Every structure is written in C-alpha cells, then in structure tokens.
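Quick look at model.tsv (TSV, C-alpha atoms):
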chain	number	residue	atom	x	y	z
A	766	MET	CA	-83.18	-44.57	-41.25
A	767	GLY	CA	-82.47	-42.75	-44.52
A	768	LEU	CA	-85.64	-43.68	-46.38
A	769	PRO	CA	-88.85	-44.06	-44.37
A	770	ASP	CA	-91.09	-47.00	-45.24
A	771	HIS	CA	-93.89	-44.69	-46.37
A	772	HIS	CA	-91.57	-43.37	-49.14
A	773	LEU	CA	-91.21	-46.82	-50.70
A	774	THR	CA	-93.17	-47.36	-53.90
A	775	GLU	CA	-95.71	-50.13	-54.33
A	776	GLY	CA	-93.95	-53.48	-54.47
A	777	GLU	CA	-90.61	-52.01	-53.41
A	778	LEU	CA	-88.84	-53.85	-50.61
A	779	ARG	CA	-86.03	-52.63	-48.34
A	780	ILE	CA	-83.05	-54.95	-48.67
A	781	SER	CA	-80.66	-53.21	-46.27
A	782	SER	CA	-80.03	-49.91	-44.52
A	783	PHE	CA	-76.71	-48.83	-43.06
A	784	HIS	CA	-74.45	-45.95	-42.04
A	785	PRO	CA	-70.82	-45.49	-43.05
A	786	HIS	CA	-68.37	-47.78	-41.24
A	787	TRP	CA	-67.67	-46.98	-37.57
A	788	LYS	CA	-64.01	-46.30	-38.41
A	789	ARG	CA	-65.09	-42.74	-39.27
A	790	LEU	CA	-65.68	-42.23	-35.54
A	791	ILE	CA	-62.17	-43.19	-34.38
A	792	VAL	CA	-60.61	-39.72	-34.76
A	793	PRO	CA	-63.61	-37.91	-33.19
A	794	PHE	CA	-63.51	-40.37	-30.26
A	795	ILE	CA	-59.78	-39.76	-29.74
A	796	ALA	CA	-60.43	-36.02	-29.93
A	797	LEU	CA	-63.18	-36.39	-27.32
A	798	VAL	CA	-60.89	-38.24	-24.91
A	799	VAL	CA	-57.95	-35.87	-25.40
A	800	ILE	CA	-60.08	-32.72	-25.01
A	801	VAL	CA	-61.82	-34.02	-21.89
A	802	LEU	CA	-58.53	-35.08	-20.29
A	803	ALA	CA	-56.71	-31.87	-21.25
A	804	SER	CA	-59.51	-29.58	-20.11
A	805	GLY	CA	-59.93	-31.55	-16.88
A	806	ALA	CA	-56.20	-31.27	-16.20
A	807	GLY	CA	-56.25	-27.58	-17.11
A	808	ILE	CA	-59.13	-26.87	-14.74
A	809	PHE	CA	-57.52	-28.95	-11.98
A	810	PHE	CA	-54.10	-27.30	-12.26
A	811	VAL	CA	-55.31	-23.68	-12.24
A	812	PRO	CA	-53.87	-22.40	-8.94
A	813	ASP	CA	-56.50	-21.61	-6.29
A	814	GLY	CA	-54.59	-18.49	-5.23
A	815	PHE	CA	-54.73	-17.11	-8.76
A	816	GLU	CA	-56.81	-13.93	-8.84
A	817	TYR	CA	-58.73	-14.93	-11.96
A	818	ALA	CA	-58.94	-18.68	-11.23
A	819	THR	CA	-62.71	-18.81	-11.73
A	820	TYR	CA	-62.49	-16.99	-15.06
A	821	ALA	CA	-59.62	-19.22	-16.19
A	822	ARG	CA	-61.62	-22.36	-15.38
A	823	ILE	CA	-64.68	-21.00	-17.19
A	824	ALA	CA	-62.52	-20.09	-20.21
A	825	ILE	CA	-61.01	-23.60	-20.28
A	826	ALA	CA	-64.50	-25.15	-20.07
A	827	VAL	CA	-65.87	-22.91	-22.85
A	828	ILE	CA	-62.92	-23.68	-25.13
A	829	ALA	CA	-63.34	-27.39	-24.37
A	830	VAL	CA	-67.04	-27.29	-25.28
A	831	ILE	CA	-66.26	-25.48	-28.55
A	832	LEU	CA	-63.52	-27.98	-29.44
A	833	LEU	CA	-65.75	-30.93	-28.50
A	834	THR	CA	-68.50	-29.55	-30.71
A	835	VAL	CA	-66.23	-29.05	-33.72
A	836	TRP	CA	-64.01	-32.15	-33.44
A	837	ALA	CA	-66.30	-34.75	-31.85
A	838	PHE	CA	-70.01	-33.86	-31.94
A	839	VAL	CA	-70.26	-32.54	-35.53
A	840	PRO	CA	-68.41	-35.55	-37.06
A	841	TYR	CA	-70.68	-37.88	-35.07
A	842	LEU	CA	-73.78	-36.06	-36.35
A	843	ARG	CA	-72.47	-36.29	-39.93
A	844	TRP	CA	-71.90	-40.03	-39.50
A	845	LYS	CA	-75.29	-40.58	-37.87
A	846	ASN	CA	-77.10	-38.57	-40.56
A	847	THR	CA	-75.46	-40.33	-43.50
A	848	ALA	CA	-77.59	-43.28	-44.51
A	849	TYR	CA	-77.48	-45.75	-47.35
A	850	VAL	CA	-80.65	-47.66	-48.24
A	851	LEU	CA	-80.73	-50.50	-50.73
A	852	THR	CA	-84.17	-51.46	-52.02
A	853	THR	CA	-85.38	-53.67	-54.84
A	854	HIS	CA	-85.83	-50.59	-57.06
A	855	ARG	CA	-83.13	-48.08	-56.04
A	856	PHE	CA	-80.03	-47.26	-54.05
A	857	THR	CA	-80.54	-44.16	-51.88
A	858	ILE	CA	-77.79	-42.05	-50.32
A	859	SER	CA	-78.93	-39.48	-47.73
A	860	THR	CA	-76.53	-36.98	-46.16
A	861	GLY	CA	-76.80	-33.82	-44.12
A	862	VAL	CA	-77.44	-32.63	-40.60
A	863	LEU	CA	-79.33	-29.36	-41.02
A	864	ASN	CA	-79.75	-29.52	-44.79
A	865	LYS	CA	-80.66	-32.87	-46.30
A	866	SER	CA	-79.29	-34.14	-49.59
A	867	THR	CA	-80.61	-37.34	-51.15
A	868	ASP	CA	-79.28	-39.14	-54.22
A	869	GLU	CA	-81.24	-42.02	-55.69
A	870	ILE	CA	-79.90	-44.39	-58.29
A	871	PRO	CA	-82.56	-46.57	-59.93
A	872	MET	CA	-81.42	-50.20	-60.26
A	873	THR	CA	-82.27	-50.13	-63.96
A	874	LYS	CA	-79.76	-47.30	-64.50
A	875	VAL	CA	-76.78	-48.94	-62.75
A	876	ASN	CA	-74.10	-50.00	-65.23
A	877	THR	CA	-71.16	-51.04	-63.06
A	878	VAL	CA	-70.61	-51.87	-59.39
A	879	SER	CA	-67.05	-52.13	-58.07
A	880	SER	CA	-65.28	-52.03	-54.73
A	881	ASP	CA	-61.80	-51.05	-53.53
A	882	GLN	CA	-60.22	-51.90	-50.19
A	883	THR	CA	-56.90	-51.07	-48.58
A	884	LEU	CA	-55.25	-53.62	-46.31
A	885	VAL	CA	-56.65	-51.93	-43.18
A	886	GLU	CA	-60.11	-51.71	-44.76
A	887	ARG	CA	-59.96	-55.43	-45.59
A	888	MET	CA	-59.24	-56.17	-41.94
A	889	LEU	CA	-62.14	-53.94	-40.85
A	890	GLY	CA	-64.51	-55.25	-43.54
A	891	CYS	CA	-65.18	-51.90	-45.17
A	892	GLY	CA	-64.15	-50.13	-48.36
A	893	THR	CA	-65.08	-47.81	-51.19
A	894	LEU	CA	-68.04	-48.76	-53.35
A	895	THR	CA	-68.13	-47.24	-56.82
A	896	VAL	CA	-71.47	-47.20	-58.61
A	897	GLU	CA	-71.55	-46.11	-62.23
A	898	SER	CA	-74.95	-45.19	-63.57
A	899	ALA	CA	-76.42	-44.00	-66.83
A	900	GLY	CA	-77.60	-40.80	-65.10
A	901	GLU	CA	-76.10	-37.35	-65.43
A	902	ARG	CA	-73.77	-37.78	-62.42
A	903	GLY	CA	-72.15	-40.83	-63.96
A	904	GLN	CA	-70.02	-42.34	-61.22
A	905	ILE	CA	-70.48	-42.11	-57.45
A	906	ALA	CA	-67.74	-43.29	-55.07
A	907	LEU	CA	-69.04	-44.09	-51.59
A	908	ARG	CA	-66.30	-44.33	-48.96
A	909	ASP	CA	-66.32	-46.42	-45.78
A	910	ILE	CA	-69.13	-48.78	-46.71
A	911	PRO	CA	-69.44	-51.49	-44.01
A	912	SER	CA	-69.54	-55.15	-45.09
A	913	ILE	CA	-68.48	-53.97	-48.53
A	914	GLN	CA	-68.48	-57.40	-50.17
A	915	GLU	CA	-72.02	-58.18	-48.97
A	916	VAL	CA	-73.33	-54.79	-50.11
A	917	ARG	CA	-71.60	-55.13	-53.49
A	918	ALA	CA	-73.05	-58.62	-53.97
A	919	GLN	CA	-76.56	-57.49	-52.96
A	920	LEU	CA	-76.36	-54.47	-55.26
A	921	PHE	CA	-75.07	-56.56	-58.15
A	922	ARG	CA	-77.83	-59.16	-57.61
A	923	LEU	CA	-80.49	-56.42	-57.56
A	924	VAL	CA	-79.09	-54.86	-60.74
A	925	GLU	CA	-79.18	-58.26	-62.45
A	926	ASP	CA	-82.76	-58.85	-61.24
A	927	ALA	CA	-83.84	-55.40	-62.45
A	928	SER	CA	-82.30	-55.93	-65.88
A	929	ASP	CA	-83.94	-59.36	-66.16
A	930	GLY	CA	-87.32	-58.01	-65.02
A	931	GLU	CA	-87.44	-60.45	-62.09
A	932	VAL	CA	-88.29	-57.78	-59.52
A	933	GLU	CA	-91.51	-56.81	-61.27
A	934	ALA	CA	-92.47	-60.45	-61.87
A	935	ARG	CA	-91.87	-61.37	-58.22
A	936	ASN	CA	-93.88	-58.44	-56.88
A	937	ARG	CA	-96.79	-58.83	-59.32
A	938	PRO	CA	-99.96	-60.35	-57.76
A	939	ALA	CA	-100.81	-63.84	-59.03
Just give me the structure of the file as structure tokens.
Amino acid sequence: MGLPDHHLTEGELRISSFHPHWKRLIVPFIALVVIVLASGAGIFFVPDGFEYATYARIAIAVIAVILLTVWAFVPYLRWKNTAYVLTTHRFTISTGVLNKSTDEIPMTKVNTVSSDQTLVERMLGCGTLTVESAGERGQIALRDIPSIQEVRAQLFRLVEDASDGEVEARNRPA
C-alpha cells in the first residue's frame, strides 16, 4: 500500500501505512444509496403500456451508471489510491488513480508537525496534519488523517530520532 517494501532503503523500516479517514466515503455512500433507490423507483414506475418503456428504462439505467461512476465510484477510487506511509527515514504521500503522484518528505528535513481538529473530527479521531519541511514545497496540509494524534506523535518521535541520529545508530550492525 503506497510504498512497496522493495522500495525501502537499507535499514529503513515501515512504521505505519494508512489511507485518509473513512469519513471521506460518507457522501459517496449516500450518493450510491440515493441513485440506486431513485433509479430503481424510476425503472419500476415506468408504465408498461408506454410505447417507449424499454428505452426509458435503459435510459434511466445508463444515467444511473454514469451518476454512480462520477459520484460514488471515482471518489472511492481516489480514497483507495491515496496512501500515507511513515517510515524511519521518510513520510510518503501517494495519490492518483490513473496518474500517480508521490511526495516524500525526509525525516531530517521536517521542521514542524502540527494537527488541527474540528469538534466532529475529534469525535471521529481524524484531523488535518500539517508538516512543514525545509524543502521547496515548504508546508503540506494533509486532510482527514485517521488517528491523527497517534500519527502526529509517531511522526514527531521519528523526526526527533532522525535529528538525534538514533535511527542510523539503531540500524547499524554491531
């Protein structure tokens, strides 16, 4: 998920891998239910005596498939193909369904790690993680991070370890 094991460098360990929080799927799920119910009702209530009943039912089904694709399937694919990987050496953000985009932030370049949560996000255990790095992009805000406090603590611990040189010392053979 996100970063295959064969892409890890020597001595690099995967700490955690995750997708955005499941709350991103609430609206697509509601859209799925509404479209299926509406199209089912539309197909059911087309009068049998109607001259173009078959064409009307086919049109309703085609429109339903198009709407399901746009409002339910594509958002699910975006969610499924967004991956965050935290390793001992870097934080990797992979996005994209057909085209893949990957951002990597080396732990040694991370300056600040902060999190923001609304009341609803606190209840769901997710939030926005902001990572400020010394790279050219500067600051990256990652929305809907699950278990935000755990991820922030892990990331902060790894940044501290990287700045202290503990990661290299721990992974060095004795």
Give me, as a PyMOL selection string, all polymer residues having an atom no more than 7 Å from Thr857 in chain A, counting only C-alpha atoms and skipping those fewer than 2 positions away in the same chain.
chain A and resi 849-851+855+859+867-870
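Counting only C-alpha atoms, the residue from A:Val811, A:Ile823, A:Leu797, A:Leu894 that sits nearest to Phe838 in chain A is A:Leu797.
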Counting all atoms listed in the file, figure out which residue out of A:Tyr841, A:Ser898, A:Asp813, A:Gly807 gets nearest to Val792 in chain A.
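Smallest separation from Val792 in chain A among the options: A:Tyr841.
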Return the single residue from A:Ala826, A:Ala803, A:Ala899, A:Val878 that is closest to Ile913 in chain A, with distances computed using only C-alpha atoms.
A:Val878
Kindly compute an axis-aligned box around the listed atoms of range 769-780 of chain A, allowing 5 Å on each side, and express its centre and edge lengths in Å to one decimal as lines of an AutoDock Vina configuration file.
center_x = -89.4
center_y = -49.2
center_z = -49.4
size_x = 22.7
size_y = 21.6
size_z = 20.1
Would you list the contacts of Asn864 in chain A as a JSON list (two decimals) with C-alpha atoms, keeping the file's coordinate frame, taking every protein, DNA or RNA residue within 12 Å and counting all atoms listed in the file, but skipping same-chain residues closer than 6 positions in sequence?
[["chain", "number", "residue", "atom", "x", "y", "z"],
["A", 843, "ARG", "CA", -72.47, -36.29, -39.93],
["A", 846, "ASN", "CA", -77.10, -38.57, -40.56],
["A", 847, "THR", "CA", -75.46, -40.33, -43.50]]
Would you work out the distance separating CA of Met872 in chain A from CA of Val924 in chain A, expressed in Å to one decimal?
5.2 Å
Selection near Val916 in chain A, 12 Å with all atoms listed in the file, sequence-local residues under 2 positions removed, as a VMD selection string:
chain A and resid 780 to 783 785 849 to 852 856 878 to 880 890 to 896 907 909 to 914 918 to 923
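Using all atoms listed in the file, the smallest distance between any of A:Trp787, A:Glu775, A:Thr853, A:Lys865 and Leu889 in chain A comes from A:Trp787.
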Option closest in space to Pro871 in chain A, from A:Ala927, A:Ala796, A:Ile905, A:Ile828 [counting all atoms listed in the file]
A:Ala927
Find, counting all atoms listed in the file, the residue in A:Tyr820, A:Ser928, A:Leu884, A:His771 that gets nearest to His854 in chain A.
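The closest residue to His854 in chain A is A:Ser928.
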What gap, in Å, lies between CA of Gly767 in chain A and CA of Arg789 in chain A?
18.2 Å
One number please: CA of Glu925 in chain A to CA of Ser866 in chain A, in Å, one decimal.
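Those two atoms sit 27.3 Å apart.
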Point (-73.4, -48.2, -67.7), cut-off 8 Å, counting all atoms listed in the file, residues as a ChimeraX atom specification
/A:874-877,897-899
Could you please take those selected residues and save C-alpha atoms as a compact mmCIF listing (two decimals), keeping the file's coordinate frame?
# COMPACT_ATOMS: atom_id res chain seq x y z
CA LYS A 874 -79.76 -47.30 -64.50
CA VAL A 875 -76.78 -48.94 -62.75
CA ASN A 876 -74.10 -50.00 -65.23
CA THR A 877 -71.16 -51.04 -63.06
CA GLU A 897 -71.55 -46.11 -62.23
CA SER A 898 -74.95 -45.19 -63.57
CA ALA A 899 -76.42 -44.00 -66.83
